Amino acid sequence: MTEPTIEPYPDLEVHPGKQWAVGVPGILHSMEPALRRLGPARAARLALAINQQDGFDCMSCAWPDPGHRNVLEFCENGMKATTWEATPITVPRSFWAEHSLTSLLDRTEYWLGQQGRLTEPVVKRAGSDHYEPITWDDAFRLVAERLNALDSPDRAAFYTSGRTSNEAAFLYQLFVRAFGTNNLPDCSNMCHESTGTALNATIGVGKSTVAYDDFAKADLVIVMGQNPGTNHPRMLTALEEAKRNGGRIVSVNVLPEAGLIRYKNPQKLRGIVGRGTEIADRFLQIRAGGDMALLQAVSRRVLDAEDAAPGSVLDHDFLAEKTIGLDAFRAHLADLDEAAVLAATGLAREEIDDLAAEYLAADRVIITWAMGLTQQKKAVATIKEIVNLLLLRGNIGKPGAGASPIRGHSNVQGDRTMGIWERMPERFLDALEREFRFPVPRIPGADSLQTVRGLRDGEIDVFLAMGGNFVGAISDTTVAEAAMRGAKLTVQVSTKLNRSHVVTGEEALILPTLGRTEIDLQQGHPQFVSVEDSVCAVHASHGAIPPVAPALLSEVAIVCRLAMATLAGRHDIPWQAFEDDYDVIRDRIARVVPGFESFNEDVRRKDGFVLPNGPRDQRRFDTPTGRAVITVNELEHLERPAGRLILQTLRSHDQFNTTIYSLDDRYRGIRKGRDVVFVHPDDLAELGLVDGQRVDVHGEWPGQPDRVLPNQRLVAYPTARGCAAAYFPEANVLVPLESAAEESNTPVSKAVIVRLVPRAAS
Ligand SMILES: Nc1nc2c(c(=O)[nH]1)N[C@H]1C(S)=C(S)[C@@H](COP(=O)(O)OP(=O)(O)OC[C@H]3O[C@@H](n4cnc5c(=O)[nH]c(N)nc54)[C@H](O)[C@@H]3O)O[C@H]1N2
Ligand SMILES: Nc1nc2c(c(=O)[nH]1)N[C@H]1C(S)=C(S)[C@@H](COP(=O)(O)OP(=O)(O)OC[C@H]3O[C@@H](n4cnc5c(=O)[nH]c(N)nc54)[C@H](O)[C@@H]3O)O[C@H]1N2
Ligand code: SF4
Ligand SMILES: [Mo]
């Protein structure tokens, strides 16, 4: 393997990490670039519309909106996402002639994003090294010709990123299935797929069982493998509310993340002038991948407590009426190897005892989680253990309690509800077939990793993406990029430039689209779209500012025109009527998707509506037995070979996935650079390395040559022993394509075995 070279960031600074999140510096930090780039009037208009009932939904994360909204209902990172999208800077037509694709390969994601909004469709012809403008009609004709020339519809894959609205997502999957394939990979495959797999199998629905108000009612919230201070900032407000009502918060994390330690709520005077709230009452610094062992150990202690005082600990009525599997679970945990638990978690026995005591003392418990759990080899089993622990004391389907995966992209959950999934259940496919009267394909399609393999092995020729940055986000960058170059045609529907526009098939198109902030006019009438948040609430999103360029089409319009060009009347689907009036789309969704029966009416209510949820509403479990399933999972944890570390890839404070807003990571003390690896000081000493030293990070996978992330600066940091951390997407070169979670096939982005090799002093 030839070793890639990377220029170091010249001005990188490393400072001590910050112990608190948000407060006045946070808000100033968020407003200042907005004011500078947008001008005060445009910035004010956006700030007053974000997350308001008649405004647009923040396009950043999927954290829900409270029923009562503050005048400024957003966070620092919501404002960054908004100003990033609403920037008046655009990519000029001259850009395409000035920059060859080869020259753009050397640019960082940060630089690409800084070029501004895409304003007109462009094409890269076969053999050319440049994009050039193309008309919309010619662009759609080109895609249609290439799709219709394929031997089989399965030779095309249609990716979705989770920002796509319900309306666009529904039409997109309808188009793809009418074209004839279930190849609908999405960002969820790399994100909460493990959650969906575990929850569907155990409680019959792949979604959260809590509502927004439940946080304020909880006695205990356990936050596992999640960094809300950066990735779901307003969740801290909900946690603060829980605390005010006497609830306790426990954080289980490999890193001491800032927001969980102290939080200054910018909406409250107390938060502005005071010291803020200590959010986490207890912090368990766990080893990477140790959560499954921790959960089993806590469940074991709960069962022991029941044995010591029979009848007083477990929720016997609930367990008897609503669950199966308790006896096998009990028998399995009787043999739990405590030494293995301590080795896997890196925790002291007393810390686990104390967490069990917290759990037993609480009547209402919520467990939340995100990527620290889902992007692990044993992710599905770990999340099943969350369900086990909750079920023991009836902590599902009662107020203030439940299982609460916290989603990533603002509409990633809604996209799945609308049918974006390579393995949609038969129920959904049947309903689609009844409504639109065409034979819906039934063979499951390719997920994200299978799509890379399909491209690599010459089984997929056309790749179309509704948003996102597939080659930037997927594991094993070098392999994924080589695979993408093998495509005949790649098409990106996007707002801004990213790596996936530069690594293309033989022919390539960029189709620029409207963002959420922008007013979407069809036939002279403003349209709105809808989204579903982490707690299954659906509401409308109305654009607030004029589009940045006149030629932009909405995602809905792009799908409709693509479908009309490709299907050419093949099925009797009213694409033009859909494009002209989004109510027509919603009327059809109402007839296909359960819970949306009076969609057009419900979505116009002030706060939208909450989808029905069997476990949450009625303790109804839609599993084959009609009961929640307590599962037995064999404990396994990642052994760290001598001289190696377990590396997680994570987000800085100033990025949204592959979008880099700035080169800073304020809470972790990093400024003006991203080429860092965080390592515990004792591990540095043990490995004979020092803070500030430059190393090449070698990723290891049995039987394969090392993958290398060159020239990183070591940063001594209080991570768990034996664990290291580096930023995604750069560190994606280290994650092997073969390293995927069992059952869910999610890349194991949080556990890469690495070796740190000092750079030869030059
Ligand atoms: N500002 C901003 N907001 C975002 C995003 C963004 O990039 N920027 N991305 C959005 C998306 S798509 C998503 S999915 C979410 C992601 O939200 P998070 O899941 O919070 O994101 P990560 O940065 O991947 O952080 C993972 C956390 O898990 C911890 N962790 C790692 N391994 C383990 C482990 O084995 N056990 C435990 N207990 N903890 C572990 C890490 O230390 C880190 O705190 O955020 C969404 N919101
Ligand atoms: N190593 C590692 N890899 C990871 C992760 C990790 O933690 N570690 N996290 C994974 C996770 S959780 C996720 S969700 C994926 C994310 O994977 P993706 O969703 O594919 O990536 P994003 O960076 O969110 O996509 C950003 C691009 O979306 C486009 N975009 C923005 N807004 C819009 C819009 O409104 N419409 C359209 N059409 N396009 C728009 C812009 O062009 C922007 O460049 O990455 C995964 N990859
Ligand atoms: S918490 Fe998430 S959705 Fe809410 S304003 Fe912040 S970034 Fe946007
Ligand atoms: Mo995500």
# chains A, B, ... in the order shown; residues from 1 in each chain; ligands from 1

$ residues_around --residues "Leu118 in chain A" --least-positions-apart "6" --cutoff "7 Å" --atoms "only C-alpha atoms" --output "MDAnalysis selection string"
chainID A and resid 90:91 495:496 512

$ write_last_selection --atoms "N, CA and C atoms" --output "PDB file, in the first residue's frame"
ATOM      1  N   THR A  90     -22.031  31.577  -3.032  1.00  0.00           N
ATOM      2  CA  THR A  90     -22.369  30.496  -3.965  1.00  0.00           C
ATOM      3  C   THR A  90     -21.149  30.121  -4.802  1.00  0.00           C
ATOM      4  N   VAL A  91     -21.182  28.901  -5.308  1.00  0.00           N
ATOM      5  CA  VAL A  91     -20.119  28.424  -6.192  1.00  0.00           C
ATOM      6  C   VAL A  91     -20.344  29.059  -7.568  1.00  0.00           C
ATOM      7  N   THR A 495     -26.657  20.261  -1.443  1.00  0.00           N
ATOM      8  CA  THR A 495     -26.676  21.705  -1.228  1.00  0.00           C
ATOM      9  C   THR A 495     -25.279  22.296  -1.366  1.00  0.00           C
ATOM     10  N   LYS A 496     -24.275  21.529  -0.931  1.00  0.00           N
ATOM     11  CA  LYS A 496     -22.904  22.039  -0.948  1.00  0.00           C
ATOM     12  C   LYS A 496     -21.940  20.960  -1.401  1.00  0.00           C
ATOM     13  N   PRO A 512     -28.199  20.477  -7.729  1.00  0.00           N
ATOM     14  CA  PRO A 512     -28.290  21.328  -6.544  1.00  0.00           C
ATOM     15  C   PRO A 512     -29.732  21.461  -6.069  1.00  0.00           C
TER      16      PRO A 512
END

$ residues_near_ligand --ligand "ligand 3" --cutoff "8 Å" --atoms "only C-alpha atoms and all ligand atoms" --output "PyMOL selection string"
chain A and resi 50-51+57-65+73-79+81+231-235+410

$ residues_near_ligand --ligand "ligand 1" --cutoff "7 Å" --atoms "only C-alpha atoms and all ligand atoms" --output "ChimeraX atom specification"
/A:60-61,77,191-192,224-228,230-232,252-255,257,286-291,370-373,407-409,648-657,750

$ atom_distance --atom1 "CA of Asp151 in chain A" --atom2 "CA of Gly419 in chain A"
24.8 Å

$ residues_near_ligand --ligand "ligand 2" --cutoff "7 Å" --atoms "only C-alpha atoms and all ligand atoms" --output "MDAnalysis selection string"
chainID A and resid 113 161:164 187:188 190:191 371 408:409 466:470 473:475 493:498 513:516 555 649:651 656:659 728:729 731:732 735 749:750

$ closest_residue --among "A:Ala540, A:Leu12, A:Ala86, A:Ala551" --to "Thr135 in chain A" --atoms "only C-alpha atoms"
A:Ala551

$ atom_distance --atom1 "CA of Arg177 in chain A" --atom2 "CA of Leu611 in chain A"
24.8 Å

$ select_by_dssp --residues "range 49-193 of chain A" --states "helix (DSSP H, G or I)" --output "PyMOL selection string"
chain A and resi 49+76-86+94-98+101-104+109-114+136-148+153-155+166-179+187-190+193

$ closest_residue --among "A:Pro441, A:Gly127, A:Gly688, A:Gly311" --to "Pro758 in chain A" --atoms "only C-alpha atoms"
A:Gly688

$ atom_distance --atom1 "CA of Arg591 in chain A" --atom2 "CA of Ile573 in chain A"
14.3 Å

$ residues_around --residues "range 518-522 of chain A" --least-positions-apart "5" --cutoff "9 Å" --atoms "only C-alpha atoms" --output "VMD selection string"
chain A and resid 56 86 527 to 528 542 to 548 553 to 554 557 579 to 582

$ write_last_selection --atoms "C-alpha atoms" --output "CSV table (one decimal), in the first residue's frame"
chain,number,residue,atom,x,y,z
A,56,PHE,CA,-38.4,25.5,9.8
A,86,ALA,CA,-28.2,29.8,4.5
A,527,GLN,CA,-45.0,24.4,0.2
A,528,PHE,CA,-44.0,23.0,3.5
A,542,HIS,CA,-41.6,26.0,6.4
A,543,GLY,CA,-38.8,27.7,4.6
A,544,ALA,CA,-38.1,31.3,5.9
A,545,ILE,CA,-35.8,33.0,3.4
A,546,PRO,CA,-35.7,33.2,-0.4
A,547,PRO,CA,-33.7,30.5,-2.2
A,548,VAL,CA,-30.0,31.4,-2.7
A,553,LEU,CA,-35.2,22.7,-7.4
A,554,SER,CA,-36.7,21.2,-4.3
A,557,ALA,CA,-39.3,18.3,-7.6
A,579,GLU,CA,-44.6,18.2,-7.5
A,580,ASP,CA,-47.3,20.9,-7.8
A,581,ASP,CA,-48.9,20.4,-4.4
A,582,TYR,CA,-47.3,18.5,-1.5

$ select_by_dssp --residues "range 66-305 of chain A" --states "strand (DSSP E)" --output "list of chain:residue names"
A:Val122, A:Val123, A:Lys124, A:Glu132, A:Pro133, A:Ala156, A:Ala157, A:Phe158, A:Tyr159, A:Thr160, A:Leu220, A:Val221, A:Ile222, A:Val223, A:Met224, A:Arg248, A:Ile249, A:Val250, A:Ser251, A:Val252, A:Asn253, A:Tyr263, A:Lys264, A:Arg282, A:Phe283, A:Leu284, A:Gln285

$ write_last_selection --atoms "N, CA and C atoms" --output "short mmCIF file (atom, residue, chain, number, x, y, z; two decimals), in the first residue's frame"
data_model
loop_
_atom_site.label_atom_id
_atom_site.label_comp_id
_atom_site.auth_asym_id
_atom_site.auth_seq_id
_atom_site.Cartn_x
_atom_site.Cartn_y
_atom_site.Cartn_z
N VAL A 122 -24.56 20.42 -12.85
CA VAL A 122 -23.35 20.27 -13.65
C VAL A 122 -23.12 18.79 -13.95
N VAL A 123 -22.41 18.55 -15.05
CA VAL A 123 -22.14 17.18 -15.48
C VAL A 123 -20.65 17.00 -15.69
N LYS A 124 -20.18 15.81 -15.36
CA LYS A 124 -18.82 15.42 -15.77
C LYS A 124 -19.00 14.33 -16.82
N GLU A 132 -19.13 20.56 -16.01
CA GLU A 132 -19.57 21.71 -16.80
C GLU A 132 -21.08 21.84 -16.66
N PRO A 133 -21.62 23.03 -16.83
CA PRO A 133 -23.07 23.20 -16.66
C PRO A 133 -23.88 22.35 -17.63
N ALA A 156 -28.46 -0.62 -9.90
CA ALA A 156 -28.40 0.77 -9.43
C ALA A 156 -28.64 0.78 -7.92
N ALA A 157 -28.01 1.75 -7.21
CA ALA A 157 -28.26 1.91 -5.77
C ALA A 157 -28.61 3.37 -5.50
N PHE A 158 -29.55 3.56 -4.57
CA PHE A 158 -30.12 4.88 -4.31
C PHE A 158 -29.97 5.20 -2.83
N TYR A 159 -28.96 6.00 -2.51
CA TYR A 159 -28.62 6.34 -1.12
C TYR A 159 -29.47 7.52 -0.63
N THR A 160 -29.72 7.54 0.67
CA THR A 160 -30.39 8.69 1.29
C THR A 160 -29.64 9.10 2.55
N LEU A 220 -34.24 8.60 37.11
CA LEU A 220 -32.85 8.33 36.72
C LEU A 220 -32.78 8.30 35.20
N VAL A 221 -31.81 9.03 34.65
CA VAL A 221 -31.52 8.94 33.21
C VAL A 221 -30.08 8.46 33.07
N ILE A 222 -29.90 7.35 32.36
CA ILE A 222 -28.55 6.85 32.12
C ILE A 222 -28.21 7.17 30.66
N VAL A 223 -27.17 7.97 30.46
CA VAL A 223 -26.77 8.41 29.12
C VAL A 223 -25.55 7.60 28.71
N MET A 224 -25.71 6.74 27.72
CA MET A 224 -24.63 5.81 27.38
C MET A 224 -24.06 6.09 25.98
N ARG A 248 -31.89 11.85 38.81
CA ARG A 248 -30.43 11.75 38.77
C ARG A 248 -29.96 11.36 37.38
N ILE A 249 -28.75 11.80 37.06
CA ILE A 249 -28.20 11.55 35.73
C ILE A 249 -26.89 10.79 35.87
N VAL A 250 -26.75 9.71 35.11
CA VAL A 250 -25.50 8.97 35.08
C VAL A 250 -24.98 8.97 33.65
N SER A 251 -23.72 9.27 33.48
CA SER A 251 -23.11 9.19 32.15
C SER A 251 -22.14 8.02 32.11
N VAL A 252 -22.29 7.20 31.08
CA VAL A 252 -21.36 6.09 30.86
C VAL A 252 -20.64 6.39 29.56
N ASN A 253 -19.35 6.68 29.65
CA ASN A 253 -18.64 7.13 28.46
C ASN A 253 -17.16 6.81 28.59
N TYR A 263 -23.30 22.44 32.72
CA TYR A 263 -24.06 23.02 31.63
C TYR A 263 -24.59 24.37 32.03
N LYS A 264 -24.37 25.35 31.17
CA LYS A 264 -24.96 26.67 31.41
C LYS A 264 -26.04 26.89 30.38
N ARG A 282 -23.14 11.09 38.32
CA ARG A 282 -22.20 9.97 38.39
C ARG A 282 -21.64 9.76 36.99
N PHE A 283 -20.36 9.52 36.92
CA PHE A 283 -19.71 9.29 35.63
C PHE A 283 -18.96 7.97 35.69
N LEU A 284 -19.31 7.05 34.83
CA LEU A 284 -18.59 5.78 34.75
C LEU A 284 -17.73 5.81 33.50
N GLN A 285 -16.44 5.88 33.72
CA GLN A 285 -15.53 5.93 32.56
C GLN A 285 -15.20 4.51 32.13
#

$ residues_around --residues "Gly246 in chain A" --least-positions-apart "3" --cutoff "10 Å" --atoms "only C-alpha atoms" --output "MDAnalysis selection string"
chainID A and resid 216:220 240:243 249

$ write_last_selection --atoms "all heavy atoms" --output "PDB file, in the first residue's frame"
ATOM      1  N   ALA A 216     -38.585  14.880  32.110  1.00  0.00           N
ATOM      2  CA  ALA A 216     -38.817  15.649  33.331  1.00  0.00           C
ATOM      3  C   ALA A 216     -39.388  14.772  34.441  1.00  0.00           C
ATOM      4  O   ALA A 216     -39.348  15.146  35.614  1.00  0.00           O
ATOM      5  CB  ALA A 216     -39.759  16.809  33.034  1.00  0.00           C
ATOM      6  N   LYS A 217     -39.930  13.606  34.074  1.00  0.00           N
ATOM      7  CA  LYS A 217     -40.561  12.744  35.086  1.00  0.00           C
ATOM      8  C   LYS A 217     -39.653  11.616  35.566  1.00  0.00           C
ATOM      9  O   LYS A 217     -40.031  10.837  36.439  1.00  0.00           O
ATOM     10  CB  LYS A 217     -41.827  12.111  34.489  1.00  0.00           C
ATOM     11  CG  LYS A 217     -42.894  13.128  34.116  1.00  0.00           C
ATOM     12  CD  LYS A 217     -44.062  12.430  33.432  1.00  0.00           C
ATOM     13  CE  LYS A 217     -44.992  13.450  32.799  1.00  0.00           C
ATOM     14  NZ  LYS A 217     -45.758  12.878  31.680  1.00  0.00           N
ATOM     15  N   ALA A 218     -38.482  11.502  34.966  1.00  0.00           N
ATOM     16  CA  ALA A 218     -37.630  10.352  35.281  1.00  0.00           C
ATOM     17  C   ALA A 218     -36.926  10.522  36.624  1.00  0.00           C
ATOM     18  O   ALA A 218     -36.553  11.623  37.013  1.00  0.00           O
ATOM     19  CB  ALA A 218     -36.584  10.176  34.179  1.00  0.00           C
ATOM     20  N   ASP A 219     -36.765   9.417  37.347  1.00  0.00           N
ATOM     21  CA  ASP A 219     -35.952   9.429  38.570  1.00  0.00           C
ATOM     22  C   ASP A 219     -34.480   9.265  38.228  1.00  0.00           C
ATOM     23  O   ASP A 219     -33.607   9.659  38.993  1.00  0.00           O
ATOM     24  CB  ASP A 219     -36.346   8.260  39.487  1.00  0.00           C
ATOM     25  CG  ASP A 219     -37.788   8.344  39.931  1.00  0.00           C
ATOM     26  OD1 ASP A 219     -38.257   9.474  40.191  1.00  0.00           O
ATOM     27  OD2 ASP A 219     -38.445   7.289  39.987  1.00  0.00           O
ATOM     28  N   LEU A 220     -34.237   8.605  37.106  1.00  0.00           N
ATOM     29  CA  LEU A 220     -32.853   8.326  36.718  1.00  0.00           C
ATOM     30  C   LEU A 220     -32.777   8.298  35.200  1.00  0.00           C
ATOM     31  O   LEU A 220     -33.600   7.644  34.546  1.00  0.00           O
ATOM     32  CB  LEU A 220     -32.430   6.959  37.295  1.00  0.00           C
ATOM     33  CG  LEU A 220     -31.069   6.410  36.868  1.00  0.00           C
ATOM     34  CD1 LEU A 220     -29.928   7.289  37.383  1.00  0.00           C
ATOM     35  CD2 LEU A 220     -30.888   4.967  37.380  1.00  0.00           C
ATOM     36  N   GLU A 240     -31.458  18.897  32.524  1.00  0.00           N
ATOM     37  CA  GLU A 240     -31.486  19.871  33.613  1.00  0.00           C
ATOM     38  C   GLU A 240     -32.873  19.881  34.280  1.00  0.00           C
ATOM     39  O   GLU A 240     -32.991  19.948  35.499  1.00  0.00           O
ATOM     40  CB  GLU A 240     -31.158  21.265  33.038  1.00  0.00           C
ATOM     41  CG  GLU A 240     -30.843  22.312  34.062  1.00  0.00           C
ATOM     42  CD  GLU A 240     -30.748  23.706  33.433  1.00  0.00           C
ATOM     43  OE1 GLU A 240     -31.517  24.031  32.502  1.00  0.00           O
ATOM     44  OE2 GLU A 240     -29.899  24.468  33.873  1.00  0.00           O
ATOM     45  N   GLU A 241     -33.889  19.761  33.431  1.00  0.00           N
ATOM     46  CA  GLU A 241     -35.262  19.726  33.945  1.00  0.00           C
ATOM     47  C   GLU A 241     -35.468  18.481  34.806  1.00  0.00           C
ATOM     48  O   GLU A 241     -36.096  18.537  35.867  1.00  0.00           O
ATOM     49  CB  GLU A 241     -36.219  19.679  32.751  1.00  0.00           C
ATOM     50  CG  GLU A 241     -37.365  20.652  32.816  1.00  0.00           C
ATOM     51  CD  GLU A 241     -38.016  20.727  31.445  1.00  0.00           C
ATOM     52  OE1 GLU A 241     -37.515  21.530  30.631  1.00  0.00           O
ATOM     53  OE2 GLU A 241     -38.980  19.977  31.186  1.00  0.00           O
ATOM     54  N   ALA A 242     -34.951  17.358  34.335  1.00  0.00           N
ATOM     55  CA  ALA A 242     -35.066  16.118  35.108  1.00  0.00           C
ATOM     56  C   ALA A 242     -34.430  16.318  36.485  1.00  0.00           C
ATOM     57  O   ALA A 242     -34.989  15.922  37.511  1.00  0.00           O
ATOM     58  CB  ALA A 242     -34.388  14.969  34.369  1.00  0.00           C
ATOM     59  N   LYS A 243     -33.285  16.971  36.498  1.00  0.00           N
ATOM     60  CA  LYS A 243     -32.584  17.179  37.771  1.00  0.00           C
ATOM     61  C   LYS A 243     -33.364  18.092  38.700  1.00  0.00           C
ATOM     62  O   LYS A 243     -33.423  17.869  39.902  1.00  0.00           O
ATOM     63  CB  LYS A 243     -31.208  17.794  37.513  1.00  0.00           C
ATOM     64  CG  LYS A 243     -30.226  16.820  36.956  1.00  0.00           C
ATOM     65  CD  LYS A 243     -28.856  17.421  36.879  1.00  0.00           C
ATOM     66  CE  LYS A 243     -28.315  17.631  38.271  1.00  0.00           C
ATOM     67  NZ  LYS A 243     -27.256  16.704  38.606  1.00  0.00           N
ATOM     68  N   ILE A 249     -28.747  11.802  37.059  1.00  0.00           N
ATOM     69  CA  ILE A 249     -28.200  11.547  35.725  1.00  0.00           C
ATOM     70  C   ILE A 249     -26.886  10.793  35.869  1.00  0.00           C
ATOM     71  O   ILE A 249     -26.019  11.202  36.643  1.00  0.00           O
ATOM     72  CB  ILE A 249     -27.895  12.876  34.969  1.00  0.00           C
ATOM     73  CG1 ILE A 249     -29.028  13.885  35.090  1.00  0.00           C
ATOM     74  CG2 ILE A 249     -27.511  12.601  33.510  1.00  0.00           C
ATOM     75  CD1 ILE A 249     -30.257  13.595  34.310  1.00  0.00           C
TER      76      ILE A 249
END

$ closest_residue --among "A:Val462, A:Val593, A:Ala537, A:Ala724" --to "Ala144 in chain A" --atoms "only C-alpha atoms"
A:Val462

$ closest_residue --among "A:Asp476, A:Asp186, A:Asp691, A:Asp129" --to "ligand 4" --atoms "only C-alpha atoms and all ligand atoms"
A:Asp186
